Structure formats: structure tokens, C-alpha cells
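Quick look at entry_6.txt (compact mmCIF, C-alpha atoms and all ligand atoms):
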# COMPACT_ATOMS: atom_id res chain seq x y z
CA MET A 1 -47.78 -43.26 167.31
CA THR A 2 -49.41 -40.60 165.22
CA VAL A 3 -51.70 -40.67 162.24
CA PRO A 4 -49.79 -40.22 158.98
CA VAL A 5 -49.83 -36.48 158.49
CA SER A 6 -50.78 -36.50 154.82
CA ASP A 7 -53.29 -33.76 155.53
CA GLY A 8 -50.93 -32.00 157.92
CA TYR A 9 -53.32 -33.08 160.64
CA ALA A 10 -51.45 -33.84 163.81
CA CYS A 11 -48.60 -31.39 163.57
CA SER A 12 -50.34 -28.39 162.08
CA MET A 13 -52.91 -28.06 164.85
CA ALA A 14 -50.76 -26.48 167.50
CA LYS A 15 -49.18 -23.87 165.30
CA ARG A 16 -52.47 -22.28 164.41
CA GLN A 17 -53.59 -19.43 166.58
CA ALA A 18 -56.94 -18.44 165.09
CA PHE A 19 -59.80 -20.89 165.46
CA ASP A 20 -60.12 -23.07 162.37
CA PRO A 21 -63.69 -24.41 162.11
CA VAL A 22 -62.79 -26.89 159.38
CA GLN A 23 -60.00 -28.42 161.40
CA ALA A 24 -62.27 -28.48 164.43
CA TYR A 25 -64.99 -30.32 162.52
CA ARG A 26 -62.51 -32.84 161.12
CA THR A 27 -61.12 -33.52 164.59
CA MET A 28 -64.57 -33.92 166.11
CA MET A 29 -65.76 -36.12 163.27
CA ARG A 30 -62.75 -38.37 163.62
CA ILE A 31 -63.35 -38.72 167.36
CA ARG A 32 -67.06 -39.42 166.86
CA LEU A 33 -66.38 -42.10 164.27
CA VAL A 34 -63.81 -43.87 166.44
CA GLU A 35 -66.17 -43.70 169.42
CA GLU A 36 -69.08 -45.04 167.39
CA ALA A 37 -66.94 -47.85 166.01
CA LEU A 38 -65.94 -48.82 169.54
CA VAL A 39 -69.51 -48.63 170.81
CA LYS A 40 -70.54 -51.02 168.03
CA ALA A 41 -67.55 -53.25 168.68
CA TRP A 42 -68.50 -53.40 172.36
CA ALA A 43 -72.06 -54.46 171.51
CA ALA A 44 -70.67 -57.09 169.17
CA GLY A 45 -68.46 -58.58 171.86
CA TYR A 46 -65.04 -57.38 170.76
CA VAL A 47 -64.33 -55.29 173.86
CA PRO A 48 -63.54 -56.97 177.17
CA GLY A 49 -65.10 -55.21 180.16
CA GLU A 50 -66.76 -51.84 180.01
CA TYR A 51 -66.40 -49.00 177.58
CA HIS A 52 -66.93 -45.37 178.65
CA SER A 53 -67.52 -43.43 175.47
CA GLY A 54 -67.01 -39.69 175.26
CA ILE A 55 -69.74 -39.15 172.68
CA GLY A 56 -70.93 -35.62 173.38
CA GLU A 57 -67.51 -34.42 174.62
CA GLU A 58 -65.98 -33.89 171.18
CA GLY A 59 -66.30 -30.10 171.36
CA ILE A 60 -64.29 -30.10 174.58
CA ASN A 61 -61.65 -32.52 173.30
CA ALA A 62 -61.11 -30.70 170.02
CA GLY A 63 -61.40 -27.19 171.47
CA VAL A 64 -58.72 -27.86 174.09
CA VAL A 65 -56.36 -30.21 172.24
CA MET A 66 -56.14 -27.98 169.16
CA HIS A 67 -53.99 -25.69 171.32
CA LEU A 68 -51.42 -28.35 172.18
CA SER A 69 -48.09 -29.09 170.57
CA ASP A 70 -45.26 -31.56 170.81
CA GLU A 71 -43.97 -31.44 174.38
CA ASP A 72 -47.30 -30.59 175.98
CA ALA A 73 -48.78 -33.29 178.21
CA MET A 74 -52.26 -34.64 178.86
CA ALA A 75 -53.56 -36.63 181.84
CA LEU A 76 -56.84 -38.28 180.90
CA ASP A 77 -59.70 -39.87 182.76
CA HIS A 78 -61.76 -42.96 181.86
CA ARG A 79 -62.91 -41.26 178.63
CA GLY A 80 -59.48 -40.91 177.04
CA THR A 81 -60.33 -41.87 173.45
CA GLY A 82 -61.38 -38.36 172.36
CA PRO A 83 -58.36 -36.38 173.57
CA LEU A 84 -55.96 -39.01 172.20
CA ILE A 85 -57.57 -39.04 168.77
CA ALA A 86 -57.71 -35.23 168.76
CA ARG A 87 -54.00 -35.19 169.50
CA GLY A 88 -53.25 -37.42 166.53
CA ALA A 89 -53.07 -40.92 168.06
CA ASP A 90 -53.39 -43.76 165.57
CA PRO A 91 -57.07 -44.84 165.51
CA LEU A 92 -56.22 -48.43 164.60
CA ALA A 93 -53.69 -48.82 167.43
CA LEU A 94 -56.20 -47.30 169.85
CA MET A 95 -59.07 -49.53 168.72
CA LEU A 96 -56.88 -52.62 168.91
CA GLU A 97 -55.91 -51.63 172.44
CA VAL A 98 -59.52 -51.21 173.53
CA MET A 99 -60.21 -54.64 172.05
CA GLY A 100 -57.36 -56.14 174.08
CA SER A 101 -55.10 -57.00 171.14
CA GLU A 102 -51.35 -57.47 171.53
CA GLU A 103 -51.04 -55.19 168.52
CA GLY A 104 -52.76 -52.37 170.41
CA MET A 105 -51.03 -49.16 171.39
CA ASN A 106 -50.13 -50.68 174.77
CA ALA A 107 -49.87 -54.31 173.70
CA GLY A 108 -53.39 -54.99 174.93
CA ARG A 109 -52.37 -54.54 178.58
CA ALA A 110 -54.04 -51.18 179.19
CA GLY A 111 -57.55 -51.42 177.79
CA HIS A 112 -59.65 -48.32 177.32
CA MET A 113 -59.15 -46.88 180.81
CA HIS A 114 -55.35 -46.86 180.78
CA LEU A 115 -54.57 -45.86 177.22
CA MET A 116 -51.13 -44.34 176.95
CA ASP A 117 -49.08 -42.80 174.18
CA PRO A 118 -45.64 -41.78 175.46
CA GLU A 119 -44.83 -39.90 172.26
CA LEU A 120 -47.83 -37.69 172.90
CA HIS A 121 -47.05 -37.44 176.65
CA ALA A 122 -50.59 -38.62 177.22
CA ALA A 123 -52.01 -41.27 179.51
CA ALA A 124 -55.40 -42.18 180.88
CA ASP A 125 -56.25 -43.49 184.33
CA GLY A 126 -59.38 -45.17 185.64
CA ILE A 127 -59.03 -43.85 189.19
CA VAL A 128 -61.46 -40.95 189.35
CA GLY A 129 -59.56 -37.76 190.22
CA SER A 130 -56.10 -39.10 189.41
CA SER A 131 -55.67 -36.98 186.29
CA GLY A 132 -55.24 -33.98 188.65
CA PRO A 133 -52.05 -35.11 190.41
CA LEU A 134 -50.77 -36.76 187.24
CA ALA A 135 -51.04 -33.50 185.31
CA VAL A 136 -49.42 -31.65 188.19
CA GLY A 137 -46.50 -34.10 187.99
CA HIS A 138 -46.17 -33.41 184.28
CA ALA A 139 -46.38 -29.67 184.97
CA ILE A 140 -43.57 -29.79 187.54
CA ALA A 141 -41.36 -31.50 184.97
CA LEU A 142 -42.37 -29.09 182.22
CA GLN A 143 -41.77 -26.04 184.39
CA ARG A 144 -38.17 -27.17 184.94
CA LEU A 145 -37.32 -28.91 181.67
CA HIS A 146 -39.49 -27.28 179.03
CA PRO A 147 -40.70 -23.82 180.08
CA GLY A 148 -43.49 -22.69 177.78
CA ARG A 149 -45.10 -26.13 177.65
CA VAL A 150 -48.34 -26.94 179.40
CA ALA A 151 -50.05 -29.96 180.98
CA ILE A 152 -53.79 -30.58 180.77
CA ALA A 153 -55.88 -32.58 183.24
CA PHE A 154 -59.21 -33.76 181.81
CA HIS A 155 -61.67 -34.70 184.52
CA GLY A 156 -65.37 -35.00 185.23
CA GLU A 157 -67.31 -32.68 187.52
CA ALA A 158 -67.63 -35.46 190.10
CA ALA A 159 -63.86 -35.97 190.11
CA ALA A 160 -63.61 -32.38 191.36
CA ASN A 161 -64.94 -33.70 194.68
CA GLN A 162 -62.02 -36.10 195.14
CA GLY A 163 -59.47 -35.07 197.77
CA MET A 164 -56.52 -35.65 195.47
CA MET A 165 -58.01 -33.29 192.89
CA MET A 166 -58.16 -30.51 195.45
CA GLU A 167 -54.56 -31.25 196.46
CA ALA A 168 -53.67 -30.91 192.78
CA TYR A 169 -55.46 -27.53 192.46
CA ASN A 170 -53.69 -26.36 195.59
CA LEU A 171 -50.16 -27.35 194.62
CA ALA A 172 -50.65 -26.08 191.07
CA ALA A 173 -51.58 -22.66 192.44
CA ALA A 174 -48.94 -22.59 195.19
CA TRP A 175 -46.16 -23.46 192.73
CA LYS A 176 -47.61 -21.52 189.78
CA LEU A 177 -47.48 -24.64 187.63
CA PRO A 178 -48.24 -24.65 183.90
CA VAL A 179 -51.35 -26.81 184.14
CA VAL A 180 -54.95 -26.36 183.05
CA PHE A 181 -57.69 -28.46 184.61
CA VAL A 182 -60.51 -29.14 182.17
CA CYS A 183 -63.66 -30.03 184.10
CA LYS A 184 -66.28 -31.69 181.87
CA ASP A 185 -69.66 -31.29 183.50
CA ASN A 186 -72.28 -33.79 182.31
CA ARG A 187 -74.06 -33.45 185.68
CA TRP A 188 -73.78 -37.16 186.47
CA SER A 189 -71.43 -39.49 188.28
CA ILE A 190 -72.66 -42.92 187.18
CA THR A 191 -76.24 -42.76 188.55
CA THR A 192 -75.63 -40.06 191.14
CA ALA A 193 -76.70 -36.57 190.12
CA SER A 194 -73.58 -34.54 190.90
CA ALA A 195 -75.66 -31.64 192.26
CA ASP A 196 -76.79 -33.95 195.10
CA VAL A 197 -73.24 -34.51 196.30
CA THR A 198 -71.50 -31.23 195.47
CA GLY A 199 -71.26 -28.31 197.84
CA GLY A 200 -71.05 -24.80 196.46
CA ASN A 201 -69.97 -24.01 192.95
CA LEU A 202 -67.01 -25.68 191.25
CA VAL A 203 -65.80 -22.56 189.44
CA ALA A 204 -65.84 -20.55 192.68
CA ARG A 205 -64.14 -23.45 194.42
CA ALA A 206 -61.33 -23.49 191.83
CA ALA A 207 -60.98 -19.71 192.05
CA SER A 208 -60.68 -19.97 195.82
CA PHE A 209 -57.61 -22.17 195.34
CA GLY A 210 -56.07 -19.41 193.23
CA LEU A 211 -56.72 -20.87 189.79
CA ALA A 212 -57.64 -18.59 186.90
CA THR A 213 -61.07 -19.72 185.70
CA ALA A 214 -63.05 -19.74 182.47
CA GLU A 215 -66.32 -21.31 181.37
CA ALA A 216 -67.72 -22.59 178.08
CA ARG A 217 -70.51 -24.67 176.62
CA GLY A 218 -69.21 -27.98 175.32
CA GLU A 219 -71.54 -28.00 172.33
CA ARG A 220 -69.77 -24.86 171.08
CA VAL A 221 -66.28 -25.87 170.06
CA ASP A 222 -65.38 -22.28 169.17
CA GLU A 223 -66.32 -21.19 172.67
CA VAL A 224 -64.26 -23.97 174.24
CA TYR A 225 -61.33 -23.10 171.98
CA ALA A 226 -61.43 -19.44 173.01
CA ALA A 227 -61.76 -20.12 176.73
CA ALA A 228 -59.08 -22.85 176.72
CA GLY A 229 -56.79 -20.61 174.67
CA LYS A 230 -56.78 -17.87 177.30
CA LEU A 231 -55.92 -20.23 180.15
CA ILE A 232 -53.33 -22.20 178.18
CA LYS A 233 -51.64 -19.03 176.97
CA ARG A 234 -51.20 -17.60 180.45
CA ALA A 235 -50.04 -20.96 181.82
CA ARG A 236 -47.40 -21.15 179.07
CA LYS A 237 -46.16 -17.70 180.06
CA GLY A 238 -45.62 -18.86 183.64
CA ARG A 239 -48.57 -16.87 184.98
CA GLY A 240 -50.06 -19.89 186.73
CA PRO A 241 -52.64 -22.63 186.41
CA GLY A 242 -56.19 -22.48 185.11
CA PHE A 243 -59.53 -24.19 185.55
CA LEU A 244 -61.85 -24.53 182.57
CA PHE A 245 -65.42 -25.54 183.37
CA VAL A 246 -67.31 -26.88 180.37
CA THR A 247 -70.84 -28.26 180.26
CA CYS A 248 -71.66 -31.20 178.01
CA HIS A 249 -74.40 -33.69 177.21
CA ARG A 250 -73.55 -37.33 176.90
CA PRO A 251 -76.51 -39.20 175.44
CA GLY A 252 -74.94 -42.63 176.03
CA GLY A 253 -75.12 -42.44 179.82
CA HIS A 254 -72.24 -43.64 181.97
CA PHE A 255 -70.96 -46.57 179.94
CA GLU A 256 -72.00 -48.99 177.24
CA GLY A 257 -74.86 -51.12 178.39
CA ASP A 258 -75.93 -48.46 180.89
CA PRO A 259 -79.18 -49.91 182.25
CA ILE A 260 -80.92 -46.52 182.38
CA VAL A 261 -80.11 -45.79 178.74
CA ARG A 262 -81.29 -49.28 177.78
CA ILE A 263 -84.57 -48.73 179.57
CA THR A 264 -85.00 -45.38 177.82
CA LYS A 265 -84.50 -46.97 174.42
CA ASP A 266 -86.61 -50.07 174.99
CA PRO A 267 -88.70 -49.65 178.16
CA ILE A 268 -90.86 -52.76 177.80
CA THR A 269 -88.09 -55.34 177.52
CA GLN A 270 -85.31 -53.61 179.37
CA SER A 271 -87.17 -52.62 182.52
CA ALA A 272 -88.02 -56.25 183.33
CA ASP A 273 -84.96 -56.72 185.56
CA LEU A 274 -85.52 -53.46 187.38
CA VAL A 275 -89.19 -54.25 187.98
CA ARG A 276 -88.29 -57.73 189.25
CA GLU A 277 -85.72 -56.32 191.66
CA LEU A 278 -88.12 -53.64 192.84
CA ARG A 279 -90.80 -56.26 193.45
CA THR A 280 -88.39 -58.36 195.50
CA GLY A 281 -87.45 -55.27 197.48
CA VAL A 282 -91.04 -54.35 198.12
CA GLN A 283 -92.46 -57.80 198.81
CA GLY A 284 -89.46 -59.80 200.01
CA ARG A 285 -88.74 -60.88 203.59
CA GLU A 286 -86.03 -58.28 204.01
CA ARG A 287 -88.33 -55.38 203.22
CA GLY A 288 -88.34 -52.46 205.59
CA ALA A 289 -91.18 -50.40 206.96
CA THR A 290 -93.85 -49.52 204.38
CA ARG A 291 -93.05 -45.84 204.71
CA ASP A 292 -89.37 -46.47 203.90
CA THR A 293 -90.28 -48.75 201.01
CA ILE A 294 -92.51 -46.12 199.43
CA ARG A 295 -89.84 -43.50 199.90
CA GLY A 296 -87.20 -45.80 198.36
CA VAL A 297 -89.29 -46.70 195.31
CA SER A 298 -90.20 -43.04 194.70
CA GLU A 299 -86.54 -42.12 194.92
CA ILE A 300 -85.58 -44.75 192.33
CA VAL A 301 -88.37 -43.68 189.96
CA ALA A 302 -87.50 -39.98 190.37
CA ARG A 303 -83.81 -40.59 189.81
CA SER A 304 -84.40 -42.76 186.74
CA SER A 305 -86.70 -40.22 185.15
CA ARG A 306 -84.24 -37.41 185.90
CA ALA A 307 -81.51 -39.42 184.15
CA MET A 308 -83.75 -40.24 181.21
CA ARG A 309 -84.62 -36.58 180.81
CA ASP A 310 -80.95 -35.63 180.84
CA TRP A 311 -79.77 -38.34 178.50
CA THR A 312 -82.42 -38.14 175.82
CA GLY A 313 -83.46 -35.39 173.46
CA VAL A 314 -80.04 -33.77 173.54
CA ALA A 315 -79.48 -33.86 169.76
CA ARG A 316 -79.68 -30.10 169.61
CA LYS A 317 -76.76 -29.96 172.03
CA ASP A 318 -74.68 -32.23 169.81
CA PRO A 319 -71.33 -30.45 169.31
CA LEU A 320 -70.90 -31.92 165.83
CA ARG A 321 -74.22 -30.59 164.65
CA ARG A 322 -73.25 -27.10 165.72
CA ALA A 323 -69.76 -27.29 164.26
CA ARG A 324 -71.09 -28.55 160.92
CA LYS A 325 -73.22 -25.43 160.52
CA ALA A 326 -70.10 -23.26 160.71
CA ILE A 327 -68.48 -24.70 157.58
CA PRO A 328 -69.55 -25.03 153.92
CA GLU A 329 -71.68 -28.08 153.13
CA PRO A 330 -69.28 -29.55 150.51
CA THR A 331 -66.40 -29.26 152.98
CA ALA A 332 -68.42 -31.03 155.66
CA ARG A 333 -69.29 -33.82 153.23
CA TYR A 334 -65.71 -34.18 152.14
CA ILE A 335 -64.57 -34.52 155.74
CA GLU A 336 -67.34 -37.00 156.53
CA GLY A 337 -66.46 -39.08 153.46
CA THR A 338 -62.71 -39.24 154.00
CA GLU A 339 -62.90 -39.75 157.75
CA SER A 340 -65.62 -42.42 157.47
CA GLU A 341 -63.56 -44.31 154.98
CA ALA A 342 -60.37 -44.17 157.05
CA ILE A 343 -61.99 -45.00 160.37
CA GLY A 344 -64.28 -47.62 158.82
CA ARG A 345 -61.22 -49.34 157.38
CA ALA A 346 -59.37 -49.16 160.70
CA ALA A 347 -62.40 -50.53 162.59
CA ALA A 348 -62.77 -53.45 160.18
CA THR A 349 -59.06 -54.24 160.49
CA ALA A 350 -59.25 -54.08 164.29
CA ARG A 351 -62.19 -56.48 164.32
CA ARG A 352 -60.50 -58.85 161.90
CA LYS A 353 -57.35 -58.93 163.99
CA THR A 354 -59.25 -59.57 167.22
CA GLY A 355 -61.97 -61.73 165.68
CA SER A 356 -61.06 -64.79 167.67
CA ARG A 357 -61.53 -62.79 170.87
CA SER A 358 -65.05 -61.60 170.11
CA ALA A 359 -66.32 -63.43 173.15
CA PHE A 360 -67.56 -60.57 175.25
CA ALA A 361 -70.95 -59.87 173.71
CA PRO A 362 -73.69 -58.79 176.09
CA ASP A 363 -76.67 -61.15 175.79
CA GLY A 364 -74.77 -63.23 173.21
CA ASP A 365 -75.32 -60.57 170.56
CA ARG A 366 -72.69 -60.71 167.78
CA THR A 367 -73.74 -58.17 165.24
C1 LIG A 401 -61.53 -43.35 193.10
C2 LIG A 401 -62.67 -43.93 192.30
N1 LIG A 401 -63.91 -43.96 192.86
C3 LIG A 401 -64.95 -44.47 192.16
C4 LIG A 401 -64.76 -44.96 190.89
C5 LIG A 401 -65.93 -45.49 190.08
N2 LIG A 401 -66.29 -44.52 189.05
C6 LIG A 401 -65.88 -44.66 187.79
S1 LIG A 401 -66.38 -43.40 186.82
C7 LIG A 401 -67.20 -42.67 188.09
C8 LIG A 401 -67.98 -41.40 187.89
C9 LIG A 401 -67.14 -40.24 187.72
O1 LIG A 401 -67.95 -39.13 187.42
P1 LIG A 401 -67.33 -37.88 186.70
O2 LIG A 401 -66.01 -37.55 187.31
O3 LIG A 401 -68.35 -36.81 186.67
O4 LIG A 401 -67.02 -38.43 185.24
P2 LIG A 401 -68.06 -38.96 184.14
O5 LIG A 401 -68.12 -40.45 184.28
O6 LIG A 401 -69.37 -38.30 184.36
O7 LIG A 401 -67.44 -38.58 182.85
C10 LIG A 401 -67.06 -43.39 189.27
C11 LIG A 401 -67.65 -43.03 190.56
C12 LIG A 401 -63.44 -44.93 190.36
N3 LIG A 401 -63.17 -45.38 189.13
N4 LIG A 401 -62.43 -44.38 191.07
MG MG A 402 -69.84 -36.49 185.27
Please express what this file holds, its structure, as C-alpha cells.
Amino acid sequence: MTVPVSDGYACSMAKRQAFDPVQAYRTMMRIRLVEEALVKAWAAGYVPGEYHSGIGEEGINAGVVMHLSDEDAMALDHRGTGPLIARGADPLALMLEVMGSEEGMNAGRAGHMHLMDPELHAAADGIVGSSGPLAVGHAIALQRLHPGRVAIAFHGEAAANQGMMMEAYNLAAAWKLPVVFVCKDNRWSITTASADVTGGNLVARAASFGLATAEARGERVDEVYAAAGKLIKRARKGRGPGFLFVTCHRPGGHFEGDPIVRITKDPITQSADLVRELRTGVQGRERGATRDTIRGVSEIVARSSRAMRDWTGVARKDPLRRARKAIPEPTARYIEGTESEAIGRAAATARRKTGSRSAFAPDGDRT
């Protein structure tokens, strides 16, 4: 399913070679609005389970996906909303799916972590690292059936430590497959700082497998577009796979309701549970030696403050803010107006259709 192409949106993207900042801003704005609508829907109890938003990754999603065309494939991770919207997936069908509706893009069976659009050759998977082998599978098929087409694997920096991801890098290089791995580095894997569990350097690691590498800052969509373009172009020509390493800042933390983000926003109320648990740990019967307890508490405090530092005050790294500066003000406003209206309408429809299921609110909040 694709968005009606009244503005030439979905199908015109791939044919363009030069970077189009207006198209980039429209794509990023559309992603942001869908993400924000889903974040609000989650808080209001319309979304069963978790929701991992990709707010902050829009520069990566738009910068990479703007290079793709019809037969190209995408294997997505647990933050699949952005790439799918960038590719032209129907926002209403996607929102309905995340809300568990039978009218959703996968009849409500997939939820947000297994979104799939066969027409776009795109599917998400909640198993961390699985987008690697899945993209390699697509790439094997493309190499034989559709030379010139490319497969993309979106994955987090922590997923790069999964064994199956390294198998994917290896086979891609050994068989010169048309695949580009897009590694989105937000520096966190849930509450583990990735630097604490990662040996060496991921770009050097990818290069050592024989992948062509490039790097970009995720808040600069033009930079992502240029770096992705080089790797995608050579992969299409049969010159082998690539690895694109892109930094990004995700202010929402790991998922909606992330306790650390909640504490950052409202420390007095939201830290009550943490303080209670810490007190039980420190004073309870099962407590360990005092030295270990002190070390444990300091570790928790240090880790929480490191996360808070990373996840707050990143507005200046917001990819939309940067992209907006690159286009004329009236154009930006026009895009904001038309996209807000379309996505607002789709979000209201999705809520109306799933209204009777709005039973998943955290803390009984139904805003
Ligand atoms: C194989 C596997 N292990 C653990 C998990 C739980 N899990 C879900 S997301 C996540 C963090 C992944 O971090 P990263 O790849 O950096 O992606 P990010 O969430 O930061 O976007 C983990 C450990 C999982 N889904 N699959
Ligand atoms: Mg990460």
C-alpha cells in the first residue's frame, strides 16, 4: 500500500539523483508526525504492548530511503515506522496496525515490531540483529533476479554485536551482494551504554569483513544522503556491499514509558519506584556486603545520569530543525500544514476505528 501520489511523493523519490532538501524535509516531517501520533496514541492506551519510536532517526530514514526505488528491499529493526513511511507506506494502515486493528497493514497480527509491506519489499523484525541476514536473503534474490537493485538492512549499533549480523556482513562480502547495512548509533542498547559492551570500532570491524564503509551524522540529512548514495550506487553496480555508520540522538529513550526518560521529565513523582527498589536492595534481607551495595548504587546512579545526559538537551541535534533551515520558510510552513492535516486526519481515523480497544493506557491515562 502506498500513499496516493498526488504530490508525486512515493514514486518520484528514487528517480532523483541530486539531493532535494524540500523532499527530504517533507519526508522527515511526515515520519515525525506519524511517530508523534503513535507516541500519543500509546500514552492514551490505543497501542498494545510497547512502542519503539524512531524520533531522532528521521535524517537517517529519509537520507537512505530517498535513494530507493520499486524493486529495492528493506529489512527493518524494531523502529520500522520511519523507513516505511519514507518509502511511501500508507500512514493510516500503519497506525491501524500498530494499534492492533484488523484493518491495519498486516490485519493487526504484526504490531509495530513486525510491520510488513510486501509491495515495498519491506519488513520489520523484533529480533535484534535479524535485519542483517534478512537483507542478505533479499540481496541474494536481487542479485539473481533483479541485478541493479539493492537491499538495505537498518540496524542499531548494539545489533552489530550479534553473531548473525557478523555472519551477514561476511556472506555479503564473500558473495559481493548488493546490500547496504545502515548502522544507527544512538549509543544505547536499552539501558546498556553500547561502548561498555563493544570491542574496537564498528566501522573498522565492518571494513575488516570487506565492506565498503562510509560515515555520516544523522542530524544532517544531506550528509546521510550523500554517504548512502555512494554505497548504494556501487552496490547496484555489483561492486559489493557497504556499511553506513550514522550517529543519532533519540530523545525518547528506548521505548515509550522508558523509566529513565520519565524520571528525567518528572523526577519527584517518577523516581519513587526506583528509590523504593533501591531502598529494598540496600536494606533488605538479601542485601550483599556493604562494599558491594555501595558499588551497586553508585553504578545505578552513574548509569542513570549518563542516560539522562544523553537523552536530554539534544534539540540542537534534531534532524528536522537542521533540515528546515535549508529550505525557504514559506515552503517549510506549507509542508508542515499539509502534512499535519493529512497525518492528523489519519491519526483521528485510526483512533476512531480502534476506540473500543483503547484499553492499554499506562496508569489508566486516557488523554
Ligand atoms: C536477540 C534479541 N536480544 C535482545 C532483545 C531485546 N532488545 C530489544 S531492543 C534491544 C536493544 C537494541 O539496541 P540497538 O541495536 O542499539 O537498537 P536501539 O534500540 O538502540 O535502536 C534489545 C537488547 C531482542 N529483541 N532480541
Ligand atoms: Mg542503539
- [ ] Determine, counting only C-alpha atoms, which protein, DNA and RNA residues have an atom within 12 Å of an atom of Leu145 in chain A; residues of the same chain fewer than 4 positions away are not included. Present the result as a PyMOL selection string.
- [x] chain A and resi 71-72+138-141+149-150+178
Could those selected residues go to a file with C-alpha atoms, as a PDB file, in the frame of the given file?
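Wrote it out as result01.pdb, contents follow:
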ATOM      1  CA  GLU A  71     -43.970 -31.440 174.380  1.00  0.00           C
ATOM      2  CA  ASP A  72     -47.300 -30.590 175.980  1.00  0.00           C
ATOM      3  CA  HIS A 138     -46.170 -33.410 184.280  1.00  0.00           C
ATOM      4  CA  ALA A 139     -46.380 -29.670 184.970  1.00  0.00           C
ATOM      5  CA  ILE A 140     -43.570 -29.790 187.540  1.00  0.00           C
ATOM      6  CA  ALA A 141     -41.360 -31.500 184.970  1.00  0.00           C
ATOM      7  CA  ARG A 149     -45.100 -26.130 177.650  1.00  0.00           C
ATOM      8  CA  VAL A 150     -48.340 -26.940 179.400  1.00  0.00           C
ATOM      9  CA  PRO A 178     -48.240 -24.650 183.900  1.00  0.00           C
TER      10      PRO A 178
END
- [ ] Within 8 Å of ligand MG 402 (chain A), which residues show up when you count all atoms listed in the file? List them as an MDAnalysis selection string, please.
- [x] chainID A and resid 156:159 184:190 194
Task: Between CA of Cys248 in chain A and CA of Gly59 in chain A, distance in Å (one decimal) - done: 8.6 Å
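Shortest atom-to-atom contact with ligand LIG 401 (chain A) among A:Met66, A:Val182, A:Ala216, A:Ile327: A:Val182, counting only C-alpha atoms and all ligand atoms.
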Open item on the list: Can you measure CA of Gly111 in chain A to CA of Ala123 in chain A for me? One decimal in Å is fine.
Closed with: 11.7 Å
Task: Nearest to ligand LIG 401 (chain A) by atom-to-atom distance, counting all atoms listed in the file, from A:Gly210, A:Gly108, A:Gly242, A:Gly252 - done: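 Ranked by minimum distance to ligand LIG 401 (chain A), first place goes to A:Gly252.
In this comparison, which uses all atoms listed in the file, the residue of A:Ala204, A:Val246, A:Ala160, A:Met308 approaching ligand LIG 401 (chain A) most closely is A:Ala160.
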- [ ] Identify the residues within 12 Å of coordinate (-47.2, -35.9, 189.5) (same frame as the file), considering all atoms listed in the file, and give the answer as a list of chain:residue names.
- [x]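 All residues meeting the 12 Å criterion around (-47.2, -35.9, 189.5) are A:Ala73, A:Met74, A:Ala75, A:Ser130, A:Ser131, A:Gly132, A:Pro133, A:Leu134, A:Ala135, A:Val136, A:Gly137, A:His138, A:Ala139, A:Ile140, A:Ala141, A:Leu142, A:Ala151, A:Ala153, A:Met164, A:Met165, A:Glu167, A:Ala168, A:Leu171, A:Ala172, A:Leu177, A:Val179.
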TODO: For CA of Leu278 in chain A and CA of Asp266 in chain A, quote the distance in Å rounded to one decimal.
DONE: 18.3 Å
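Using only C-alpha atoms, the shortest contact distance between Gln23 in chain A and any of A:Lys230, A:Arg324, A:Arg345, A:Arg306 is found at A:Arg324.
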Around the point (-79.1, -49.1, 180.9) in the file's coordinates, collect all residues with an atom within 12 Å, using only C-alpha atoms, and return them as a PDB file with C-alpha atoms, keeping the file's coordinate frame.
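For reference, point20.pdb as written:
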ATOM      1  CA  ILE A 190     -72.660 -42.920 187.180  1.00  0.00           C
ATOM      2  CA  THR A 191     -76.240 -42.760 188.550  1.00  0.00           C
ATOM      3  CA  PRO A 251     -76.510 -39.200 175.440  1.00  0.00           C
ATOM      4  CA  GLY A 252     -74.940 -42.630 176.030  1.00  0.00           C
ATOM      5  CA  GLY A 253     -75.120 -42.440 179.820  1.00  0.00           C
ATOM      6  CA  HIS A 254     -72.240 -43.640 181.970  1.00  0.00           C
ATOM      7  CA  PHE A 255     -70.960 -46.570 179.940  1.00  0.00           C
ATOM      8  CA  GLU A 256     -72.000 -48.990 177.240  1.00  0.00           C
ATOM      9  CA  GLY A 257     -74.860 -51.120 178.390  1.00  0.00           C
ATOM     10  CA  ASP A 258     -75.930 -48.460 180.890  1.00  0.00           C
ATOM     11  CA  PRO A 259     -79.180 -49.910 182.250  1.00  0.00           C
ATOM     12  CA  ILE A 260     -80.920 -46.520 182.380  1.00  0.00           C
ATOM     13  CA  VAL A 261     -80.110 -45.790 178.740  1.00  0.00           C
ATOM     14  CA  ARG A 262     -81.290 -49.280 177.780  1.00  0.00           C
ATOM     15  CA  ILE A 263     -84.570 -48.730 179.570  1.00  0.00           C
ATOM     16  CA  THR A 264     -85.000 -45.380 177.820  1.00  0.00           C
ATOM     17  CA  LYS A 265     -84.500 -46.970 174.420  1.00  0.00           C
ATOM     18  CA  ASP A 266     -86.610 -50.070 174.990  1.00  0.00           C
ATOM     19  CA  PRO A 267     -88.700 -49.650 178.160  1.00  0.00           C
ATOM     20  CA  THR A 269     -88.090 -55.340 177.520  1.00  0.00           C
ATOM     21  CA  GLN A 270     -85.310 -53.610 179.370  1.00  0.00           C
ATOM     22  CA  SER A 271     -87.170 -52.620 182.520  1.00  0.00           C
ATOM     23  CA  ALA A 272     -88.020 -56.250 183.330  1.00  0.00           C
ATOM     24  CA  ASP A 273     -84.960 -56.720 185.560  1.00  0.00           C
ATOM     25  CA  LEU A 274     -85.520 -53.460 187.380  1.00  0.00           C
ATOM     26  CA  SER A 304     -84.400 -42.760 186.740  1.00  0.00           C
ATOM     27  CA  ALA A 307     -81.510 -39.420 184.150  1.00  0.00           C
ATOM     28  CA  MET A 308     -83.750 -40.240 181.210  1.00  0.00           C
ATOM     29  CA  TRP A 311     -79.770 -38.340 178.500  1.00  0.00           C
TER      30      TRP A 311
END
TODO: Measuring atom to atom with only C-alpha atoms, identify which of A:Ala86, A:Val224, A:Val203, A:Ile232 is nearest to Met28 in chain A.
DONE: A:Ala86
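The smallest atom-to-atom distance between Gly337 in chain A and any of A:Leu96, A:Ala62, A:Met29, A:Met116, using all atoms listed in the file, is found for A:Met29.
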Which residues come within 12 Å of Ala326 in chain A, counting only C-alpha atoms, excluding same-chain residues fewer than 5 positions away, as a tab-separated table (two decimals) with C-alpha atoms, in the frame of the given file?
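Saved the output as result-v7.tsv:
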chain	number	residue	atom	x	y	z
A	19	PHE	CA	-59.80	-20.89	165.46
A	20	ASP	CA	-60.12	-23.07	162.37
A	21	PRO	CA	-63.69	-24.41	162.11
A	22	VAL	CA	-62.79	-26.89	159.38
A	23	GLN	CA	-60.00	-28.42	161.40
A	24	ALA	CA	-62.27	-28.48	164.43
A	25	TYR	CA	-64.99	-30.32	162.52
A	220	ARG	CA	-69.77	-24.86	171.08
A	221	VAL	CA	-66.28	-25.87	170.06
A	222	ASP	CA	-65.38	-22.28	169.17
A	319	PRO	CA	-71.33	-30.45	169.31
A	320	LEU	CA	-70.90	-31.92	165.83
A	321	ARG	CA	-74.22	-30.59	164.65
A	331	THR	CA	-66.40	-29.26	152.98
A	332	ALA	CA	-68.42	-31.03	155.66
Box for range 215-224 of chain A: with edges along x, y and z, all listed atoms inside and 5 Å added on each side, what are the centre and edge lengths in Å to one decimal, as AutoDock Vina command-line options?
--center_x -67.9 --center_y -24.6 --center_z 175.3 --size_x 17.3 --size_y 16.8 --size_z 22.2
Task: Distance query Phe243 in chain A at most 8 Å, all atoms listed in the file, self and fewer than 2 positions along chain excluded, as a VMD selection string - done: chain A and resid 180 to 183 203 206 211 to 214 231 241 245
